[in-house]
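Chemist: Before anything else, here's the structure in question.
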Amino acid sequence: MPSDYSPYAQLPYRPGLPAAPRFVPHYMPLPNGDGMDLFRKLWRHKSMIVAITVAGGVLAGAATLMMTPRYSAESQVLIGVDLPNVTDIPSLLRDMTANQEVVQSQGYVLMSRGLAAQVANRLALDQDPEFNPALRDPPAWREYIYEAKAWLRDLYAGITQQEESAEPEGPPLSEEERKKRLDQIVVSQLLAKLDVYPMQRSHVLSINAQSENPETAARIANTVAKAYIEQQLIRRAKVTENASTWLDQRIAELREKVETAERETEEYRRENGLFETRNDRVTAQQLAELNTQLIMAETERASAESRLAQTQAAGGRVESLPAVVNSPLIQALLQRKVETERQVAELGSTFGPQHPRIRDIKAQLSDIKGRIAHEMSKITQSLQHEVNASQARVATLRGNLQKLEGQLGQDNDKSIHLRELERRAEANRRLLVTFLDRAKEAEAQPNSEEENAVVISEAVTPFGPSYPPSTMLTMLGVVAGALVGMVIALFRENLDRTFRTARQVEEATNLPVLGVLPAENRSISGMTSSLDRPNSLFGQAMGNLLERLVFSPEAQGRKVLMLTSATPQEGKSQIAVALVHLVARRGLRVIILDCDWRRPTINRYFSRPATPGLGDLLAGTATPDDVVYRDPESGVHAIFAGDISLLSSNAERFARLKLLQTTLARHYDLVVIDTPPVLAGPDALALARSAEEVAFVARWGQVSRDVSIEAIRNLAFNGAKFSGVILAGVDPKRYRRYGMGDVVYPYPAINVPRAA
């Protein structure tokens with residue numbers, strides 16, 4: 001690190017402020033703090049924060065005690081209970097399907113004004129002052145408000161010189177309207193103290209009622225649950241009754257329509273001859289039977305014609321014909337023929353052709369053949385008659401079929417309207433049957449008074465109030481008090497524009513801090529007692545200040561030292577007196593001049609009068625021997641303020657004072673000048689031009705930074721030669737809270753004997 005390093009080289013230059021003097025480098029705090037600044041700000045105001053926190057808790061506790069306690073009671077209702085279906089018959093009223101939407105909808109039903117009105121009527125809440133405001137005593141503040149309004153109205157009427165006009169009143173309310181309005185108020189009060197909500201995605205509704213009376217809260221919760229269930233039962237019964245009544249009316253209407261439609265159908269069938277059997281009309285049935293007979297007749301005719309043709313085509317070979325084969329007579333004749341021919345053959349071998357027996361057998365054979373031919377002729381004629389009969393029957397059946405077909409076409413044209421009548425009658429008949437079945441099912445279904453919602457938990461009388469939550473409100477009061485205290489503390493910190501740390505002084509003034517002096521007794525006895533104890537805080541701080549201000553290398557050769565401040569009561573006179581005492585103890589010749597002629601202070605520390613003094617010396621009315629006072633204990637020389645009014649010219653006064661300073665500098669090792677405050681008048685500015693060194697005193701936590709900066713700027717413009725700033729009147733305990741350490745650290749010191 002270079003020897004000419006100065007931490008003030010990093011500080012921004014402020015126009016009008018003196019440049020930082022060159023001095024020995026020392027530690028500079030971090031520009032942004034060490035991360036504990038916020039905590040230190042709060043810790044510096046811990047007493048106020050604790051007080052506000054306690055006050056917040058006390059106020060919150062007092063507020064809870066002043067609040068009217070309320071008691072909460074809860075009942076629980078299960079929505080969508082499964083009902084037993086013994087008959088397996090669908091109900092007229094669809095049961096509620098329990099889901100989130102239905103449960104939430106039923107919650108709104110529980111919070112409806114109609115249900116609340118029933119509960120209020122059952123519990124006679126209009127007789128309870130908690131729900132009926134008319135039964136309560138009006139609060140006093142409301143009367144004050146009415147009186148204030150009346151006073152303001154009278155005042156306005158008096159200012160505007162107008163007669164107070166009575167406000168038009170409406171027509172008086174009837175007893176019924178007044179009762180209705182009162183019921184609405186009671187219901188609104190009840191709903192305000194009632195809360196219904198589903199419990200954690202379940203089908204259970206929680207009914208929470210609040211009241212100033214614990215028993216009333218339990219009765220309200222239970223009554224709401226019971227009234228809701230009764231309302232559901234009444235609604236189900238009413239819906240069932242309405243459905244049954246509608247079914248009866250509809251059945252009667254349908255029965256009448258069915259009778260009318262059937263009557264019209266039968267009359268139309270009778271008028272048009274559209275008779276029917278069990279399954280079809282007569283004409284259609286006859287046509288079907290005739291068509292069947294025609295087919296059979298044609299089949300028989302074809303069979304007869306086939307047999308006739310076969311017989312005619314056979315010629316003499318008729319033995320194999322079916323008619324011949326199937327004829328027992330022809331078969332018997334054929335057997336006799338075969339037997340006779342066998343006999344002819346046997347006899348022919350024995351007898352001749354003319355033998356009587358042969359002629360007789362041949363005659364028999366000829367007779368048999370004749371009979372066979374005759375039978376065959378009869379079969380052929382029979383087949384011919386059969387064919388003729390079949391042809392005649394087919395012709396007859398075909399003629400009858402054509403007649404029936406024509407009649408059926410006419411019947412079909414007439415049946416179009418008949419079918420329309422039948423369809424209308426059938427539709428009414430089916431609808432009537434459906435409604436009759438539904439009516440019978442309704443009569444046979446279980447009782448509709450079964451509950452679809454049940455109370456699973458009845459409300460009991462609470463033992464303690466649920467409102468106000470004393471513990472929570474007290475804790476909130478404590479937390480709110482702590483937050484308010486912290487905000488006020490930070491607000492005060494931000495509004496605090498005074499000097500609290502040496503770093504603030506150096507950053508604001510661009511001057512080094514010569515010393516940080518703790519607060520000390522203003523009296524000379526208290527101050528000297530501290531100086532007699534070198535290890536005391538004030539004694540050590542003053543020793544450090546003496547070394548930097550008088551014995552440092554930069555202070556060598558400077559004999560005229562001026563101490564000043566921006567405003568009064570910053571401790572510059574006390575520091576000046578303490579400084580000359582320490583210098584005298586070091587064996588040096590020192591003198592102090594009190595140049596604060598308006599408010600002389602130095603003489604008080606020596607218990608001497610202010611006159612004769614400096615003013616008398618400068619005016620020439622006193623000699624140096626008359627005004628120089630030598631303290632017998634410390635050996636300090638002092639010239640008090642004196643009477644400055646004897647010398648009216650300021651220019652002459654400061655010229656003679658400068659000459660006096662030069663003279664004293666030749667005879668003393670150090671001349672200390674105590675001046676008036678800079679902002680109190682021009683004296684300090686004029687004295688600064690003649691001083692070799694100026695030490696500016698700033699009171700800790702008293703004077704605004706802007707005021708001190710303004711005073712330093714004025715001194716700089718007048719050519720003051722600054723040595724630095726002295727931060728005086730520091731509270732050591734509070735100073736540590738700013739993270740700057742102790743003012744000084746106690747350490748055993750060697751007692752230095754006083755100079756003789």
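Labeling convention for the structure tokens: chains A, B, ... as they appear, residues from 1 per chain, ligands from 1 in order of appearance.
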If we count only C-alpha atoms and set the cut-off at 7 Å, which residues sit around Val636 (chain A), ignoring sequence neighbours fewer than 4 positions away in its own chain? Please answer as a PDB file with N, CA and C atoms, in the first residue's frame.
Modeler:
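Result file is result-v6.pdb:
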ATOM      1  N   VAL A 580      -7.333  21.517  26.837  1.00  0.00           N
ATOM      2  CA  VAL A 580      -6.264  22.343  27.436  1.00  0.00           C
ATOM      3  C   VAL A 580      -5.796  21.735  28.750  1.00  0.00           C
ATOM      4  N   HIS A 581      -6.680  21.082  29.485  1.00  0.00           N
ATOM      5  CA  HIS A 581      -6.250  20.404  30.704  1.00  0.00           C
ATOM      6  C   HIS A 581      -5.269  19.282  30.384  1.00  0.00           C
ATOM      7  N   ALA A 584      -1.935  20.779  29.359  1.00  0.00           N
ATOM      8  CA  ALA A 584      -1.195  21.300  30.515  1.00  0.00           C
ATOM      9  C   ALA A 584      -0.565  20.173  31.302  1.00  0.00           C
ATOM     10  N   VAL A 590      -0.314  26.288  27.623  1.00  0.00           N
ATOM     11  CA  VAL A 590      -1.534  26.340  26.837  1.00  0.00           C
ATOM     12  C   VAL A 590      -2.437  27.426  27.389  1.00  0.00           C
ATOM     13  N   ILE A 591      -3.179  28.095  26.503  1.00  0.00           N
ATOM     14  CA  ILE A 591      -4.127  29.127  26.869  1.00  0.00           C
ATOM     15  C   ILE A 591      -5.374  28.930  26.032  1.00  0.00           C
ATOM     16  N   ARG A 630      -5.036  32.111  35.520  1.00  0.00           N
ATOM     17  CA  ARG A 630      -4.245  30.889  35.615  1.00  0.00           C
ATOM     18  C   ARG A 630      -4.886  29.977  36.635  1.00  0.00           C
ATOM     19  N   ASP A 631      -5.300  28.754  36.156  1.00  0.00           N
ATOM     20  CA  ASP A 631      -5.930  27.782  37.047  1.00  0.00           C
ATOM     21  C   ASP A 631      -4.863  27.208  37.966  1.00  0.00           C
TER      22      ASP A 631
END
Chemist: Excluding Val186 (chain A) and residues on its chain fewer than 2 positions from it, collect all residues at most 10 Å away from it, counting only C-alpha atoms, and give them as number ranges by chain.
Modeler: A: 116-117, 120-121, 124-133, 180-184, 188-192
Chemist: Between A:Val725, A:Leu685, A:Leu588, A:Val102, which one has atoms that come closest to Val516 (chain A), using only C-alpha atoms?
Modeler: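 Result for the nearest residue to Val516 (chain A): A:Val725.
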Chemist: Extract the full set of strand (DSSP E) residues from region 140-211 of chain A according to DSSP on the backbone, and format it as a ChimeraX atom specification.
Modeler: /A:194-198,204-211
Chemist: Mind dumping the selected residues with C-alpha atoms as an mmCIF file, in the first residue's frame?
Modeler:
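This is the output file result30.cif:
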data_model
loop_
_atom_site.group_PDB
_atom_site.id
_atom_site.type_symbol
_atom_site.label_atom_id
_atom_site.label_comp_id
_atom_site.auth_asym_id
_atom_site.auth_seq_id
_atom_site.Cartn_x
_atom_site.Cartn_y
_atom_site.Cartn_z
ATOM 1 C CA LEU A 194 -75.142 -20.108 9.349
ATOM 2 C CA ASP A 195 -72.508 -21.807 7.215
ATOM 3 C CA VAL A 196 -72.929 -24.954 5.093
ATOM 4 C CA TYR A 197 -70.044 -26.572 3.242
ATOM 5 C CA PRO A 198 -69.111 -30.070 1.939
ATOM 6 C CA VAL A 204 -71.433 -35.102 3.776
ATOM 7 C CA LEU A 205 -72.624 -31.541 4.350
ATOM 8 C CA SER A 206 -71.501 -29.766 7.510
ATOM 9 C CA ILE A 207 -74.050 -27.351 9.008
ATOM 10 C CA ASN A 208 -72.303 -24.884 11.280
ATOM 11 C CA ALA A 209 -74.396 -22.466 13.338
ATOM 12 C CA GLN A 210 -73.131 -19.653 15.544
ATOM 13 C CA SER A 211 -74.919 -17.936 18.380
#
Chemist: Residues of region 187-255 of chain A that approach region 456-479 of chain A to 9 Å or less, counting only C-alpha atoms: could you list each one with the shortest pair of atoms and its distance in Å to one decimal, rows by chain and increasing residue number, as JSON lines?
Modeler:
{"residue": "A:Val204", "atom": "CA", "partner": "A:Ile456", "partner_atom": "CA", "distance": 8.7}
{"residue": "A:Ile207", "atom": "CA", "partner": "A:Ala459", "partner_atom": "CA", "distance": 8.8}
{"residue": "A:Asn208", "atom": "CA", "partner": "A:Ala459", "partner_atom": "CA", "distance": 8.8}
{"residue": "A:Gln210", "atom": "CA", "partner": "A:Ser466", "partner_atom": "CA", "distance": 8.5}
{"residue": "A:Glu212", "atom": "CA", "partner": "A:Pro465", "partner_atom": "CA", "distance": 8.5}
{"residue": "A:Pro214", "atom": "CA", "partner": "A:Thr461", "partner_atom": "CA", "distance": 5.6}
{"residue": "A:Glu215", "atom": "CA", "partner": "A:Thr461", "partner_atom": "CA", "distance": 5.4}
{"residue": "A:Thr216", "atom": "CA", "partner": "A:Thr461", "partner_atom": "CA", "distance": 8.3}
{"residue": "A:Ala217", "atom": "CA", "partner": "A:Thr461", "partner_atom": "CA", "distance": 7.4}
{"residue": "A:Ala218", "atom": "CA", "partner": "A:Ala459", "partner_atom": "CA", "distance": 5.2}
{"residue": "A:Arg219", "atom": "CA", "partner": "A:Ala459", "partner_atom": "CA", "distance": 7.6}
{"residue": "A:Ile220", "atom": "CA", "partner": "A:Ala459", "partner_atom": "CA", "distance": 8.8}
{"residue": "A:Ala221", "atom": "CA", "partner": "A:Ala459", "partner_atom": "CA", "distance": 6.2}
{"residue": "A:Asn222", "atom": "CA", "partner": "A:Ala459", "partner_atom": "CA", "distance": 5.9}
{"residue": "A:Ala225", "atom": "CA", "partner": "A:Glu458", "partner_atom": "CA", "distance": 8.6}
Chemist: Near region 497-514 of chain A, within 6 Å and counting only C-alpha atoms, which residues show up once chain neighbours fewer than 6 positions away are dropped, as an mmCIF file with N, CA, C and O atoms, in the first residue's frame?
Modeler:
data_model
loop_
_atom_site.group_PDB
_atom_site.id
_atom_site.type_symbol
_atom_site.label_atom_id
_atom_site.label_comp_id
_atom_site.auth_asym_id
_atom_site.auth_seq_id
_atom_site.Cartn_x
_atom_site.Cartn_y
_atom_site.Cartn_z
ATOM 1 N N ALA A 20 -10.275 16.088 1.545
ATOM 2 C CA ALA A 20 -9.815 15.336 2.712
ATOM 3 C C ALA A 20 -8.330 15.541 2.914
ATOM 4 O O ALA A 20 -7.539 15.410 1.972
ATOM 5 N N TRP A 700 -23.368 13.989 18.447
ATOM 6 C CA TRP A 700 -23.903 12.673 18.048
ATOM 7 C C TRP A 700 -25.411 12.637 18.230
ATOM 8 O O TRP A 700 -25.939 12.885 19.310
ATOM 9 N N GLY A 701 -26.121 12.361 17.151
ATOM 10 C CA GLY A 701 -27.566 12.191 17.222
ATOM 11 C C GLY A 701 -28.339 13.441 17.540
ATOM 12 O O GLY A 701 -29.479 13.346 18.014
ATOM 13 N N VAL A 703 -27.651 17.080 15.726
ATOM 14 C CA VAL A 703 -27.711 18.045 14.637
ATOM 15 C C VAL A 703 -27.842 17.297 13.314
ATOM 16 O O VAL A 703 -27.187 16.266 13.094
ATOM 17 N N SER A 704 -28.689 17.830 12.431
ATOM 18 C CA SER A 704 -28.872 17.214 11.123
ATOM 19 C C SER A 704 -27.583 17.260 10.316
ATOM 20 O O SER A 704 -26.764 18.184 10.442
ATOM 21 N N ARG A 705 -27.397 16.278 9.482
ATOM 22 C CA ARG A 705 -26.208 16.237 8.634
ATOM 23 C C ARG A 705 -26.155 17.437 7.700
ATOM 24 O O ARG A 705 -25.088 18.004 7.453
ATOM 25 N N GLY A 724 -10.092 18.117 10.918
ATOM 26 C CA GLY A 724 -11.031 17.009 10.935
ATOM 27 C C GLY A 724 -12.258 17.341 11.756
ATOM 28 O O GLY A 724 -12.511 18.497 12.100
ATOM 29 N N VAL A 725 -13.044 16.289 12.036
ATOM 30 C CA VAL A 725 -14.312 16.426 12.752
ATOM 31 C C VAL A 725 -14.220 15.612 14.033
ATOM 32 O O VAL A 725 -13.677 14.490 14.038
ATOM 33 N N ILE A 726 -14.783 16.185 15.102
ATOM 34 C CA ILE A 726 -14.872 15.486 16.389
ATOM 35 C C ILE A 726 -16.335 15.119 16.613
ATOM 36 O O ILE A 726 -17.208 15.998 16.607
#
Chemist: So how many Å separate CA of Ala302 (chain A) and CA of Ile379 (chain A), to one decimal?
Modeler: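 Here the two named atoms are 17.3 Å from each other.
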Chemist: Compile the contact shell of Asn544 (chain A) as a ChimeraX atom specification: residues with an atom at most 9 Å away, counting only C-alpha atoms, same-chain residues fewer than 4 positions apart removed.
Modeler: /A:514-515,539-540,548-549
Chemist: When you count only C-alpha atoms, which of these residues is closest to Lys337 (chain A): A:Asp360, A:Glu554, A:Glu267, A:Asp367?
Modeler: A:Asp367
Chemist: With only C-alpha atoms as the counted atoms, please give the residues lying no more than 7 Å from Ala261 (chain A), apart from itself and same-chain residues fewer than 4 positions off, as a ChimeraX atom specification.
Modeler: /A:257,265,421,424-425
Chemist: Quick one: pick out all helix (DSSP H, G or I) residues within region 338-533 of chain A from a backbone DSSP run and write them as a ChimeraX atom specification.
Modeler: /A:338-350,356-444,470-495,502-509,524-532
Chemist: Might you pull out every residue within 10 Å of Arg599 (chain A), with only C-alpha atoms counted and same-chain residues fewer than 4 positions away left off, and present them as JSON, numbers by chain?
Modeler: {"A": [568, 594, 595, 610, 641, 675, 676]}
Chemist: Select, from A:Ala622, A:Glu652, A:Leu397, A:Gly615, the residue with the minimum atom-to-atom distance to Glu289 (chain A), counting only C-alpha atoms.
Modeler: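 Using only C-alpha atoms, the shortest distance to Glu289 (chain A) belongs to A:Leu397.
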Chemist: Could you tell me how far CA of Leu727 (chain A) sits from CA of Leu38 (chain A), in Å to one decimal place?
Modeler: 23.2 Å
